[in-house]
>>> print(open('protein.pdb').read())   # PDB, C-alpha atoms, pLDDT in the B column
ATOM      1  CA  MET A  29      55.449 -58.409-251.442  1.00 40.00           C
ATOM      2  CA  ALA A  30      59.213 -58.908-251.417  1.00 43.00           C
ATOM      3  CA  VAL A  31      60.665 -60.904-248.505  1.00 42.00           C
ATOM      4  CA  THR A  32      63.655 -59.274-246.817  1.00 49.00           C
ATOM      5  CA  ARG A  33      66.852 -61.203-246.195  1.00 51.00           C
ATOM      6  CA  GLU A  34      66.242 -61.088-242.444  1.00 49.00           C
ATOM      7  CA  VAL A  35      62.723 -62.466-242.793  1.00 44.00           C
ATOM      8  CA  ALA A  36      63.912 -65.213-245.127  1.00 48.00           C
ATOM      9  CA  ALA A  37      66.599 -66.200-242.648  1.00 50.00           C
ATOM     10  CA  GLU A  38      64.096 -66.238-239.817  1.00 47.00           C
ATOM     11  CA  MET A  39      61.640 -68.410-241.707  1.00 46.00           C
ATOM     12  CA  SER A  40      64.372 -70.889-242.656  1.00 49.00           C
ATOM     13  CA  GLU A  41      65.359 -71.583-239.046  1.00 49.00           C
ATOM     14  CA  GLU A  42      64.268 -74.691-237.141  1.00 47.00           C
ATOM     15  CA  PRO A  43      60.479 -75.135-236.892  1.00 50.00           C
ATOM     16  CA  GLU A  44      58.549 -73.680-233.972  1.00 53.00           C
ATOM     17  CA  PRO A  45      57.103 -75.979-231.310  1.00 50.00           C
ATOM     18  CA  GLU A  46      53.587 -77.218-231.963  1.00 60.00           C
ATOM     19  CA  ALA A  47      50.894 -74.551-231.790  1.00 69.00           C
ATOM     20  CA  ASP A  48      49.092 -76.191-228.872  1.00 74.00           C
ATOM     21  CA  ALA A  49      52.299 -76.356-226.801  1.00 72.00           C
ATOM     22  CA  LEU A  50      52.951 -72.672-227.448  1.00 70.00           C
ATOM     23  CA  ALA A  51      49.379 -71.789-226.567  1.00 74.00           C
ATOM     24  CA  ALA A  52      49.641 -73.739-223.312  1.00 77.00           C
ATOM     25  CA  ALA A  53      52.912 -72.008-222.382  1.00 73.00           C
ATOM     26  CA  ARG A  54      51.450 -68.585-223.097  1.00 74.00           C
ATOM     27  CA  GLU A  55      48.366 -69.368-221.029  1.00 81.00           C
ATOM     28  CA  ARG A  56      50.538 -70.417-218.085  1.00 81.00           C
ATOM     29  CA  ILE A  57      52.551 -67.210-218.208  1.00 82.00           C
ATOM     30  CA  ARG A  58      49.374 -65.141-218.649  1.00 81.00           C
ATOM     31  CA  CYS A  59      47.958 -66.629-215.452  1.00 86.00           C
ATOM     32  CA  PHE A  60      51.240 -66.075-213.626  1.00 86.00           C
ATOM     33  CA  LEU A  61      51.617 -62.454-214.748  1.00 88.00           C
ATOM     34  CA  SER A  62      48.019 -61.642-213.838  1.00 86.00           C
ATOM     35  CA  GLY A  63      49.020 -61.959-210.178  1.00 87.00           C
ATOM     36  CA  LEU A  64      51.926 -59.518-210.459  1.00 91.00           C
ATOM     37  CA  GLU A  65      52.080 -55.731-210.303  1.00 94.00           C
ATOM     38  CA  LEU A  66      52.387 -54.033-213.696  1.00 95.00           C
ATOM     39  CA  VAL A  67      55.180 -51.459-213.389  1.00 94.00           C
ATOM     40  CA  LYS A  68      55.719 -50.298-216.952  1.00 91.00           C
ATOM     41  CA  GLN A  69      53.986 -50.678-220.308  1.00 89.00           C
ATOM     42  CA  GLY A  70      56.099 -50.129-223.406  1.00 84.00           C
ATOM     43  CA  ALA A  71      55.660 -50.674-227.123  1.00 80.00           C
ATOM     44  CA  GLU A  72      57.685 -53.891-227.061  1.00 83.00           C
ATOM     45  CA  ALA A  73      57.279 -55.250-223.536  1.00 90.00           C
ATOM     46  CA  ARG A  74      55.543 -55.043-220.176  1.00 93.00           C
ATOM     47  CA  VAL A  75      57.493 -55.033-216.909  1.00 95.00           C
ATOM     48  CA  TYR A  76      56.018 -56.581-213.755  1.00 96.00           C
ATOM     49  CA  ARG A  77      57.091 -56.684-210.111  1.00 96.00           C
ATOM     50  CA  GLY A  78      56.676 -59.828-208.037  1.00 94.00           C
ATOM     51  CA  ARG A  79      58.620 -62.672-206.460  1.00 92.00           C
ATOM     52  CA  PHE A  80      60.490 -65.563-208.045  1.00 91.00           C
ATOM     53  CA  GLN A  81      61.358 -68.505-205.797  1.00 92.00           C
ATOM     54  CA  GLY A  82      61.125 -66.250-202.761  1.00 93.00           C
ATOM     55  CA  ARG A  83      63.241 -63.424-204.195  1.00 95.00           C
ATOM     56  CA  ALA A  84      62.140 -59.927-205.201  1.00 96.00           C
ATOM     57  CA  ALA A  85      61.982 -59.975-208.985  1.00 96.00           C
ATOM     58  CA  MET A  86      61.131 -57.989-212.078  1.00 97.00           C
ATOM     59  CA  VAL A  87      59.620 -59.833-215.036  1.00 96.00           C
ATOM     60  CA  LYS A  88      59.947 -58.431-218.550  1.00 95.00           C
ATOM     61  CA  HIS A  89      57.426 -59.917-220.958  1.00 93.00           C
ATOM     62  CA  ARG A  90      57.806 -59.355-224.689  1.00 88.00           C
ATOM     63  CA  PHE A  91      54.204 -59.748-225.758  1.00 84.00           C
ATOM     64  CA  PRO A  92      53.193 -60.836-229.290  1.00 76.00           C
ATOM     65  CA  LYS A  93      52.425 -58.174-231.914  1.00 75.00           C
ATOM     66  CA  GLY A  94      49.334 -58.885-233.958  1.00 69.00           C
ATOM     67  CA  TYR A  95      50.732 -57.313-237.140  1.00 72.00           C
ATOM     68  CA  ARG A  96      53.573 -59.859-237.506  1.00 71.00           C
ATOM     69  CA  HIS A  97      53.425 -63.422-238.786  1.00 74.00           C
ATOM     70  CA  PRO A  98      53.121 -65.606-235.641  1.00 71.00           C
ATOM     71  CA  ALA A  99      56.159 -67.760-236.436  1.00 73.00           C
ATOM     72  CA  LEU A 100      58.331 -64.735-237.182  1.00 74.00           C
ATOM     73  CA  GLU A 101      56.991 -62.909-234.119  1.00 72.00           C
ATOM     74  CA  ALA A 102      57.947 -65.813-231.868  1.00 73.00           C
ATOM     75  CA  ARG A 103      61.476 -65.982-233.284  1.00 79.00           C
ATOM     76  CA  LEU A 104      62.086 -62.225-233.079  1.00 79.00           C
ATOM     77  CA  GLY A 105      60.771 -62.061-229.529  1.00 80.00           C
ATOM     78  CA  ARG A 106      62.964 -64.983-228.493  1.00 86.00           C
ATOM     79  CA  ARG A 107      66.028 -63.470-230.150  1.00 87.00           C
ATOM     80  CA  ARG A 108      65.614 -60.146-228.358  1.00 88.00           C
ATOM     81  CA  THR A 109      64.939 -61.822-225.019  1.00 92.00           C
ATOM     82  CA  VAL A 110      68.100 -63.890-225.404  1.00 92.00           C
ATOM     83  CA  GLN A 111      70.117 -60.815-226.432  1.00 92.00           C
ATOM     84  CA  GLU A 112      69.006 -58.948-223.324  1.00 95.00           C
ATOM     85  CA  ALA A 113      69.790 -61.854-221.007  1.00 96.00           C
ATOM     86  CA  ARG A 114      73.246 -62.246-222.560  1.00 96.00           C
ATOM     87  CA  ALA A 115      73.932 -58.510-222.215  1.00 97.00           C
ATOM     88  CA  LEU A 116      73.102 -58.625-218.507  1.00 97.00           C
ATOM     89  CA  LEU A 117      75.387 -61.621-218.034  1.00 96.00           C
ATOM     90  CA  ARG A 118      78.145 -59.940-220.055  1.00 96.00           C
ATOM     91  CA  CYS A 119      77.932 -56.872-217.799  1.00 96.00           C
ATOM     92  CA  ARG A 120      78.190 -58.892-214.612  1.00 96.00           C
ATOM     93  CA  ARG A 121      81.158 -60.884-215.917  1.00 96.00           C
ATOM     94  CA  ALA A 122      82.900 -57.570-216.642  1.00 95.00           C
ATOM     95  CA  GLY A 123      82.259 -56.288-213.121  1.00 95.00           C
ATOM     96  CA  ILE A 124      79.486 -53.897-214.179  1.00 97.00           C
ATOM     97  CA  SER A 125      76.466 -53.814-211.884  1.00 97.00           C
ATOM     98  CA  ALA A 126      73.363 -55.185-213.600  1.00 98.00           C
ATOM     99  CA  PRO A 127      70.383 -57.225-212.393  1.00 98.00           C
ATOM    100  CA  VAL A 128      70.928 -60.938-211.839  1.00 97.00           C
ATOM    101  CA  VAL A 129      69.109 -63.094-214.386  1.00 97.00           C
ATOM    102  CA  PHE A 130      67.007 -65.669-212.524  1.00 97.00           C
ATOM    103  CA  PHE A 131      65.308 -67.444-215.409  1.00 94.00           C
ATOM    104  CA  VAL A 132      64.536 -67.077-219.123  1.00 93.00           C
ATOM    105  CA  ASP A 133      61.247 -68.480-220.461  1.00 89.00           C
ATOM    106  CA  TYR A 134      61.829 -68.923-224.179  1.00 83.00           C
ATOM    107  CA  ALA A 135      58.305 -70.127-224.940  1.00 80.00           C
ATOM    108  CA  SER A 136      56.643 -66.930-223.703  1.00 85.00           C
ATOM    109  CA  ASN A 137      59.673 -64.590-224.062  1.00 88.00           C
ATOM    110  CA  CYS A 138      59.777 -63.674-220.378  1.00 92.00           C
ATOM    111  CA  LEU A 139      62.934 -62.568-218.601  1.00 95.00           C
ATOM    112  CA  PHE A 140      62.963 -62.991-214.805  1.00 96.00           C
ATOM    113  CA  MET A 141      65.477 -60.649-213.151  1.00 97.00           C
ATOM    114  CA  GLU A 142      66.558 -59.402-209.759  1.00 97.00           C
ATOM    115  CA  GLU A 143      64.720 -56.341-208.473  1.00 97.00           C
ATOM    116  CA  ILE A 144      67.128 -53.658-207.238  1.00 97.00           C
ATOM    117  CA  GLU A 145      65.185 -52.864-204.071  1.00 96.00           C
ATOM    118  CA  GLY A 146      65.267 -49.329-202.730  1.00 96.00           C
ATOM    119  CA  SER A 147      66.908 -47.972-205.882  1.00 97.00           C
ATOM    120  CA  VAL A 148      66.104 -44.715-207.655  1.00 98.00           C
ATOM    121  CA  THR A 149      66.709 -43.831-211.272  1.00 98.00           C
ATOM    122  CA  VAL A 150      69.605 -41.541-212.084  1.00 98.00           C
ATOM    123  CA  ARG A 151      66.992 -39.322-213.735  1.00 98.00           C
ATOM    124  CA  ASP A 152      65.118 -38.826-210.466  1.00 98.00           C
ATOM    125  CA  TYR A 153      68.374 -38.379-208.538  1.00 97.00           C
ATOM    126  CA  ILE A 154      69.557 -35.618-210.886  1.00 97.00           C
ATOM    127  CA  GLN A 155      66.228 -33.812-210.775  1.00 97.00           C
ATOM    128  CA  SER A 156      66.085 -33.997-206.984  1.00 96.00           C
ATOM    129  CA  THR A 157      69.676 -32.795-206.627  1.00 96.00           C
ATOM    130  CA  MET A 158      69.134 -29.869-208.986  1.00 95.00           C
ATOM    131  CA  GLU A 159      66.030 -28.837-207.036  1.00 93.00           C
ATOM    132  CA  THR A 160      67.822 -28.881-203.676  1.00 93.00           C
ATOM    133  CA  GLU A 161      71.406 -27.920-204.523  1.00 87.00           C
ATOM    134  CA  LYS A 162      70.576 -25.524-207.400  1.00 83.00           C
ATOM    135  CA  THR A 163      74.001 -26.110-208.947  1.00 90.00           C
ATOM    136  CA  PRO A 164      75.215 -28.683-211.489  1.00 95.00           C
ATOM    137  CA  GLU A 165      78.622 -28.905-209.816  1.00 96.00           C
ATOM    138  CA  SER A 166      77.049 -31.090-207.124  1.00 96.00           C
ATOM    139  CA  LEU A 167      76.514 -33.756-209.808  1.00 97.00           C
ATOM    140  CA  PHE A 168      80.114 -33.976-210.997  1.00 98.00           C
ATOM    141  CA  GLY A 169      80.781 -37.003-208.759  1.00 97.00           C
ATOM    142  CA  LEU A 170      77.856 -38.828-210.338  1.00 98.00           C
ATOM    143  CA  ALA A 171      79.047 -37.853-213.828  1.00 98.00           C
ATOM    144  CA  LYS A 172      82.481 -39.292-213.072  1.00 98.00           C
ATOM    145  CA  THR A 173      80.994 -42.592-211.921  1.00 98.00           C
ATOM    146  CA  VAL A 174      78.672 -42.901-214.924  1.00 98.00           C
ATOM    147  CA  GLY A 175      81.611 -42.192-217.230  1.00 98.00           C
ATOM    148  CA  GLN A 176      83.633 -44.981-215.629  1.00 98.00           C
ATOM    149  CA  VAL A 177      80.765 -47.488-215.871  1.00 98.00           C
ATOM    150  CA  LEU A 178      79.948 -46.762-219.521  1.00 98.00           C
ATOM    151  CA  ALA A 179      83.638 -46.776-220.456  1.00 98.00           C
ATOM    152  CA  ARG A 180      83.940 -50.275-219.041  1.00 98.00           C
ATOM    153  CA  MET A 181      80.779 -51.354-220.870  1.00 98.00           C
ATOM    154  CA  HIS A 182      82.082 -50.066-224.212  1.00 98.00           C
ATOM    155  CA  ASP A 183      85.512 -51.570-223.610  1.00 98.00           C
ATOM    156  CA  GLU A 184      83.660 -54.902-223.421  1.00 97.00           C
ATOM    157  CA  ASP A 185      82.216 -54.038-226.878  1.00 98.00           C
ATOM    158  CA  LEU A 186      78.682 -53.979-225.468  1.00 98.00           C
ATOM    159  CA  ILE A 187      76.358 -51.381-226.987  1.00 98.00           C
ATOM    160  CA  HIS A 188      73.367 -50.535-224.800  1.00 97.00           C
ATOM    161  CA  GLY A 189      71.215 -49.090-227.586  1.00 96.00           C
ATOM    162  CA  ASP A 190      68.948 -46.988-225.359  1.00 95.00           C
ATOM    163  CA  LEU A 191      71.126 -45.042-222.946  1.00 97.00           C
ATOM    164  CA  THR A 192      69.080 -42.633-220.831  1.00 97.00           C
ATOM    165  CA  THR A 193      69.210 -41.621-217.186  1.00 98.00           C
ATOM    166  CA  SER A 194      66.005 -43.636-216.711  1.00 96.00           C
ATOM    167  CA  ASN A 195      67.918 -46.804-217.623  1.00 96.00           C
ATOM    168  CA  MET A 196      70.468 -46.303-214.852  1.00 98.00           C
ATOM    169  CA  LEU A 197      69.685 -46.982-211.210  1.00 98.00           C
ATOM    170  CA  LEU A 198      71.395 -45.928-207.983  1.00 98.00           C
ATOM    171  CA  LYS A 199      71.462 -48.597-205.288  1.00 97.00           C
ATOM    172  CA  PRO A 200      71.063 -47.570-201.659  1.00 96.00           C
ATOM    173  CA  PRO A 201      72.817 -45.939-199.925  1.00 96.00           C
ATOM    174  CA  LEU A 202      72.621 -43.331-202.678  1.00 95.00           C
ATOM    175  CA  GLU A 203      75.682 -41.398-201.532  1.00 93.00           C
ATOM    176  CA  GLN A 204      77.878 -44.306-202.626  1.00 96.00           C
ATOM    177  CA  LEU A 205      76.843 -43.674-206.261  1.00 97.00           C
ATOM    178  CA  ASP A 206      76.623 -47.383-207.088  1.00 97.00           C
ATOM    179  CA  ILE A 207      75.296 -47.431-210.674  1.00 98.00           C
ATOM    180  CA  VAL A 208      73.223 -50.357-211.978  1.00 98.00           C
ATOM    181  CA  LEU A 209      72.505 -50.551-215.718  1.00 98.00           C
ATOM    182  CA  ILE A 210      69.124 -51.866-216.842  1.00 97.00           C
ATOM    183  CA  ASP A 211      66.901 -52.285-219.921  1.00 94.00           C
ATOM    184  CA  PHE A 212      69.204 -53.902-222.488  1.00 95.00           C
ATOM    185  CA  GLY A 213      66.378 -54.745-224.873  1.00 90.00           C
ATOM    186  CA  LEU A 214      68.092 -52.966-227.794  1.00 92.00           C
ATOM    187  CA  SER A 215      71.640 -54.008-226.919  1.00 95.00           C
ATOM    188  CA  PHE A 216      74.131 -55.720-229.202  1.00 95.00           C
ATOM    189  CA  VAL A 217      77.834 -56.488-229.385  1.00 96.00           C
ATOM    190  CA  SER A 218      80.073 -54.345-231.584  1.00 97.00           C
ATOM    191  CA  ALA A 219      83.691 -53.203-231.548  1.00 98.00           C
ATOM    192  CA  LEU A 220      83.003 -50.337-233.989  1.00 98.00           C
ATOM    193  CA  PRO A 221      83.712 -46.824-232.672  1.00 98.00           C
ATOM    194  CA  GLU A 222      80.725 -45.659-234.771  1.00 97.00           C
ATOM    195  CA  ASP A 223      78.294 -47.773-232.731  1.00 98.00           C
ATOM    196  CA  LYS A 224      79.780 -46.612-229.452  1.00 98.00           C
ATOM    197  CA  GLY A 225      79.698 -42.988-230.611  1.00 98.00           C
ATOM    198  CA  VAL A 226      76.015 -43.326-231.496  1.00 97.00           C
ATOM    199  CA  ASP A 227      75.397 -44.858-228.057  1.00 98.00           C
ATOM    200  CA  LEU A 228      76.906 -41.757-226.436  1.00 98.00           C
ATOM    201  CA  TYR A 229      74.985 -39.452-228.782  1.00 98.00           C
ATOM    202  CA  VAL A 230      71.696 -41.075-227.765  1.00 97.00           C
ATOM    203  CA  LEU A 231      72.628 -40.475-224.121  1.00 98.00           C
ATOM    204  CA  GLU A 232      73.636 -36.881-224.801  1.00 97.00           C
ATOM    205  CA  LYS A 233      70.353 -36.051-226.550  1.00 96.00           C
ATOM    206  CA  ALA A 234      68.312 -37.715-223.805  1.00 96.00           C
ATOM    207  CA  PHE A 235      70.403 -36.183-221.019  1.00 97.00           C
ATOM    208  CA  LEU A 236      70.276 -32.575-222.183  1.00 95.00           C
ATOM    209  CA  SER A 237      66.594 -32.701-223.119  1.00 96.00           C
ATOM    210  CA  THR A 238      65.611 -34.254-219.777  1.00 96.00           C
ATOM    211  CA  HIS A 239      67.930 -32.236-217.532  1.00 96.00           C
ATOM    212  CA  PRO A 240      68.103 -28.526-218.472  1.00 93.00           C
ATOM    213  CA  ASN A 241      71.185 -26.475-217.553  1.00 93.00           C
ATOM    214  CA  THR A 242      73.378 -29.541-217.040  1.00 95.00           C
ATOM    215  CA  GLU A 243      75.732 -29.165-220.002  1.00 96.00           C
ATOM    216  CA  SER A 244      78.708 -28.993-217.632  1.00 97.00           C
ATOM    217  CA  VAL A 245      77.618 -32.282-216.046  1.00 98.00           C
ATOM    218  CA  PHE A 246      77.646 -34.040-219.406  1.00 98.00           C
ATOM    219  CA  GLU A 247      81.057 -32.574-220.176  1.00 98.00           C
ATOM    220  CA  ALA A 248      82.291 -33.983-216.843  1.00 98.00           C
ATOM    221  CA  PHE A 249      80.873 -37.356-217.888  1.00 98.00           C
ATOM    222  CA  LEU A 250      82.732 -37.267-221.219  1.00 98.00           C
ATOM    223  CA  LYS A 251      85.961 -36.341-219.454  1.00 98.00           C
ATOM    224  CA  SER A 252      85.572 -39.311-217.124  1.00 98.00           C
ATOM    225  CA  TYR A 253      84.737 -41.593-220.055  1.00 98.00           C
ATOM    226  CA  SER A 254      87.815 -40.378-221.912  1.00 98.00           C
ATOM    227  CA  THR A 255      90.187 -41.089-219.040  1.00 98.00           C
ATOM    228  CA  SER A 256      88.560 -44.421-218.114  1.00 98.00           C
ATOM    229  CA  SER A 257      88.226 -46.112-221.525  1.00 97.00           C
ATOM    230  CA  ARG A 258      91.112 -47.786-223.336  1.00 95.00           C
ATOM    231  CA  LYS A 259      89.350 -47.058-226.643  1.00 94.00           C
ATOM    232  CA  ALA A 260      87.995 -43.569-225.991  1.00 97.00           C
ATOM    233  CA  ARG A 261      89.793 -41.539-228.671  1.00 97.00           C
ATOM    234  CA  PRO A 262      88.163 -43.055-231.808  1.00 98.00           C
ATOM    235  CA  VAL A 263      84.795 -43.261-230.024  1.00 98.00           C
ATOM    236  CA  LEU A 264      84.758 -39.573-229.079  1.00 98.00           C
ATOM    237  CA  LYS A 265      85.877 -38.692-232.606  1.00 97.00           C
ATOM    238  CA  LYS A 266      82.887 -40.604-233.949  1.00 97.00           C
ATOM    239  CA  LEU A 267      80.657 -38.837-231.414  1.00 97.00           C
ATOM    240  CA  ASP A 268      81.690 -35.506-232.927  1.00 96.00           C
ATOM    241  CA  GLU A 269      80.907 -36.825-236.418  1.00 96.00           C
ATOM    242  CA  VAL A 270      77.485 -38.075-235.307  1.00 96.00           C
ATOM    243  CA  ARG A 271      76.749 -34.699-233.712  1.00 94.00           C
ATOM    244  CA  LEU A 272      77.595 -32.988-237.008  1.00 92.00           C
ATOM    245  CA  ARG A 273      75.297 -35.306-238.938  1.00 86.00           C
ATOM    246  CA  GLY A 274      72.543 -34.626-236.437  1.00 72.00           C
ATOM    247  CA  ARG A 275      72.904 -30.873-236.825  1.00 64.00           C
ATOM    248  CA  LYS A 276      72.819 -31.164-240.625  1.00 54.00           C
ATOM    249  CA  ARG A 277      69.598 -33.181-240.461  1.00 57.00           C
ATOM    250  CA  SER A 278      68.088 -30.555-238.160  1.00 52.00           C
ATOM    251  CA  MET A 279      68.997 -27.766-240.589  1.00 48.00           C
ATOM    252  CA  VAL A 280      67.527 -29.625-243.548  1.00 47.00           C
ATOM    253  CA  GLY A 281      64.395 -30.411-241.544  1.00 46.00           C
TER     254      GLY A 281
END
>>> encode(input="protein.pdb", output="structure tokens")
Amino acid sequence: MAVTREVAAEMSEEPEPEADALAAARERIRCFLSGLELVKQGAEARVYRGRFQGRAAMVKHRFPKGYRHPALEARLGRRRTVQEARALLRCRRAGISAPVVFFVDYASNCLFMEEIEGSVTVRDYIQSTMETEKTPESLFGLAKTVGQVLARMHDEDLIHGDLTTSNMLLKPPLEQLDIVLIDFGLSFVSALPEDKGVDLYVLEKAFLSTHPNTESVFEAFLKSYSTSSRKARPVLKKLDEVRLRGRKRSMVG
């Protein structure tokens, strides 16, 4: 079987710690996580709720995949854990609300983060508002705020990679519309308008499929993004190109 360039690069990096040390570290984290509340189970990671040095915390554990070579699995898991931690730090340095990183365990690929207590997802907020207000216009203030936050994120050349309304939180009190971005597991740094346009396209597809009859809300978001970002014009042009490619793929089947 041919070895890809990425795999070859991974296998040529510095050697992993001894197998017994890794096993001991994983056993320690297994015991620790067993006492926490499992909040979410995904294909790549599990998210737990607990406390870290007396503070409310969320722990994201990238568990090993049995179908990968153990050495490669450890390196990939570590790389993605580090990328997520750096993205959170990059957001906070730029003045974008994101959870505080408490600790990164590189041996077990665990990320210990601040829990945003009392928060609700933007997804739940939109659904609740649409049920009570019955009109999308009541969400235009939220759309403006989200547009400002994501414009700042893209101006920092940070690509989220999985933009959905489930990956945005509203801190209490909700009426202040204080957005917190979470779940940067697929994030990366890029200055390319193409990557930013794809980021917005992912959000658009997720937004319109999750929240029916809110097309005007997404348009309000794009308007806010356009006026808030220093680099909006080429990004929105790429968004239109990505939309066209998506429609062509749908027509071809």
>>> residues_near_point(input="protein.pdb", point="(75.1, -52.2, -226.6)", cutoff="7 Å", atoms="all atoms listed in the file", output="compact mmCIF listing (two decimals) with C-alpha atoms, keeping the file's coordinate frame")
# COMPACT_ATOMS: atom_id res chain seq x y z
CA LEU A 186 78.68 -53.98 -225.47
CA ILE A 187 76.36 -51.38 -226.99
CA HIS A 188 73.37 -50.54 -224.80
CA GLY A 189 71.22 -49.09 -227.59
CA SER A 215 71.64 -54.01 -226.92
CA PHE A 216 74.13 -55.72 -229.20
CA VAL A 217 77.83 -56.49 -229.38
>>> closest_residue(input="protein.pdb", among="A:Met181, A:Val245, A:Asp268, A:Ser237", to="A:Glu222", atoms="all atoms listed in the file")
A:Asp268
>>> resolve_selection(input="protein.pdb", expression="the PyMOL selection byres ((chain A and resi 263) around 10)", output="ChimeraX atom specification")
/A:182,220-228,254,257,259-262,264-269
>>> axis_aligned_box(input="protein.pdb", around="stretch 90-102 of chain A", padding_each_side="5 Å", output="JSON")
{"center_x": 53.8, "center_y": -62.5, "center_z": -231.7, "size_x": 19.0, "size_y": 20.4, "size_z": 24.1}
>>> closest_residue(input="protein.pdb", among="A:Val150, A:Ala171, A:Leu209, A:Val87", to="A:Gln69", atoms="all atoms listed in the file")
A:Val87
>>> residues_around(input="protein.pdb", residues="A:Ile210", least_positions_apart="3", cutoff="9 Å", atoms="all atoms listed in the file", output="list in words")
Leu116, Ala126, Pro127, Ser194, Asn195, Met196, Leu197 and Gly213 of chain A
>>> atom_distance(input="protein.pdb", atom1="atom CA of A:Leu50", atom2="atom CA of A:Ala135")
6.4 Å
>>> closest_residue(input="protein.pdb", among="A:Leu104, A:Ala53, A:Cys119, A:Ile154", to="A:Ser166", atoms="all atoms listed in the file")
A:Ile154
>>> closest_residue(input="protein.pdb", among="A:Thr149, A:Ser62, A:Asn137, A:Ser244", to="A:Leu202", atoms="all atoms listed in the file")
A:Thr149
>>> build_atoms(input="protein.pdb", residues="stretch 103-118 of chain A", atoms="N, CA and C atoms", output="PDB file, in the coordinates of the input")
ATOM      1  N   ARG A 103      60.018 -65.934-233.139  1.00 79.00           N
ATOM      2  CA  ARG A 103      61.476 -65.982-233.284  1.00 79.00           C
ATOM      3  C   ARG A 103      62.127 -64.640-232.930  1.00 79.00           C
ATOM      4  N   LEU A 104      61.527 -63.545-233.385  1.00 79.00           N
ATOM      5  CA  LEU A 104      62.086 -62.225-233.079  1.00 79.00           C
ATOM      6  C   LEU A 104      62.035 -61.952-231.581  1.00 79.00           C
ATOM      7  N   GLY A 105      60.890 -62.273-230.969  1.00 80.00           N
ATOM      8  CA  GLY A 105      60.771 -62.061-229.529  1.00 80.00           C
ATOM      9  C   GLY A 105      61.782 -62.871-228.753  1.00 80.00           C
ATOM     10  N   ARG A 106      61.983 -64.139-229.167  1.00 86.00           N
ATOM     11  CA  ARG A 106      62.964 -64.983-228.493  1.00 86.00           C
ATOM     12  C   ARG A 106      64.372 -64.427-228.670  1.00 86.00           C
ATOM     13  N   ARG A 107      64.681 -63.991-229.895  1.00 87.00           N
ATOM     14  CA  ARG A 107      66.028 -63.470-230.150  1.00 87.00           C
ATOM     15  C   ARG A 107      66.329 -62.271-229.256  1.00 87.00           C
ATOM     16  N   ARG A 108      65.378 -61.350-229.149  1.00 88.00           N
ATOM     17  CA  ARG A 108      65.614 -60.146-228.358  1.00 88.00           C
ATOM     18  C   ARG A 108      65.667 -60.450-226.863  1.00 88.00           C
ATOM     19  N   THR A 109      64.878 -61.412-226.421  1.00 92.00           N
ATOM     20  CA  THR A 109      64.939 -61.822-225.019  1.00 92.00           C
ATOM     21  C   THR A 109      66.299 -62.421-224.702  1.00 92.00           C
ATOM     22  N   VAL A 110      66.786 -63.272-225.595  1.00 92.00           N
ATOM     23  CA  VAL A 110      68.100 -63.890-225.404  1.00 92.00           C
ATOM     24  C   VAL A 110      69.201 -62.827-225.428  1.00 92.00           C
ATOM     25  N   GLN A 111      69.115 -61.876-226.356  1.00 92.00           N
ATOM     26  CA  GLN A 111      70.117 -60.815-226.432  1.00 92.00           C
ATOM     27  C   GLN A 111      70.184 -60.028-225.136  1.00 92.00           C
ATOM     28  N   GLU A 112      69.015 -59.722-224.564  1.00 95.00           N
ATOM     29  CA  GLU A 112      69.006 -58.948-223.324  1.00 95.00           C
ATOM     30  C   GLU A 112      69.601 -59.750-222.173  1.00 95.00           C
ATOM     31  N   ALA A 113      69.237 -61.020-222.073  1.00 96.00           N
ATOM     32  CA  ALA A 113      69.790 -61.854-221.007  1.00 96.00           C
ATOM     33  C   ALA A 113      71.315 -61.961-221.136  1.00 96.00           C
ATOM     34  N   ARG A 114      71.798 -62.139-222.353  1.00 96.00           N
ATOM     35  CA  ARG A 114      73.246 -62.246-222.560  1.00 96.00           C
ATOM     36  C   ARG A 114      73.953 -60.938-222.221  1.00 96.00           C
ATOM     37  N   ALA A 115      73.320 -59.802-222.536  1.00 97.00           N
ATOM     38  CA  ALA A 115      73.932 -58.510-222.215  1.00 97.00           C
ATOM     39  C   ALA A 115      74.062 -58.329-220.709  1.00 97.00           C
ATOM     40  N   LEU A 116      73.035 -58.717-219.962  1.00 97.00           N
ATOM     41  CA  LEU A 116      73.102 -58.625-218.507  1.00 97.00           C
ATOM     42  C   LEU A 116      74.216 -59.504-217.957  1.00 97.00           C
ATOM     43  N   LEU A 117      74.328 -60.714-218.480  1.00 96.00           N
ATOM     44  CA  LEU A 117      75.387 -61.621-218.034  1.00 96.00           C
ATOM     45  C   LEU A 117      76.763 -61.084-218.412  1.00 96.00           C
ATOM     46  N   ARG A 118      76.867 -60.492-219.597  1.00 96.00           N
ATOM     47  CA  ARG A 118      78.145 -59.940-220.055  1.00 96.00           C
ATOM     48  C   ARG A 118      78.581 -58.791-219.129  1.00 96.00           C
TER      49      ARG A 118
END
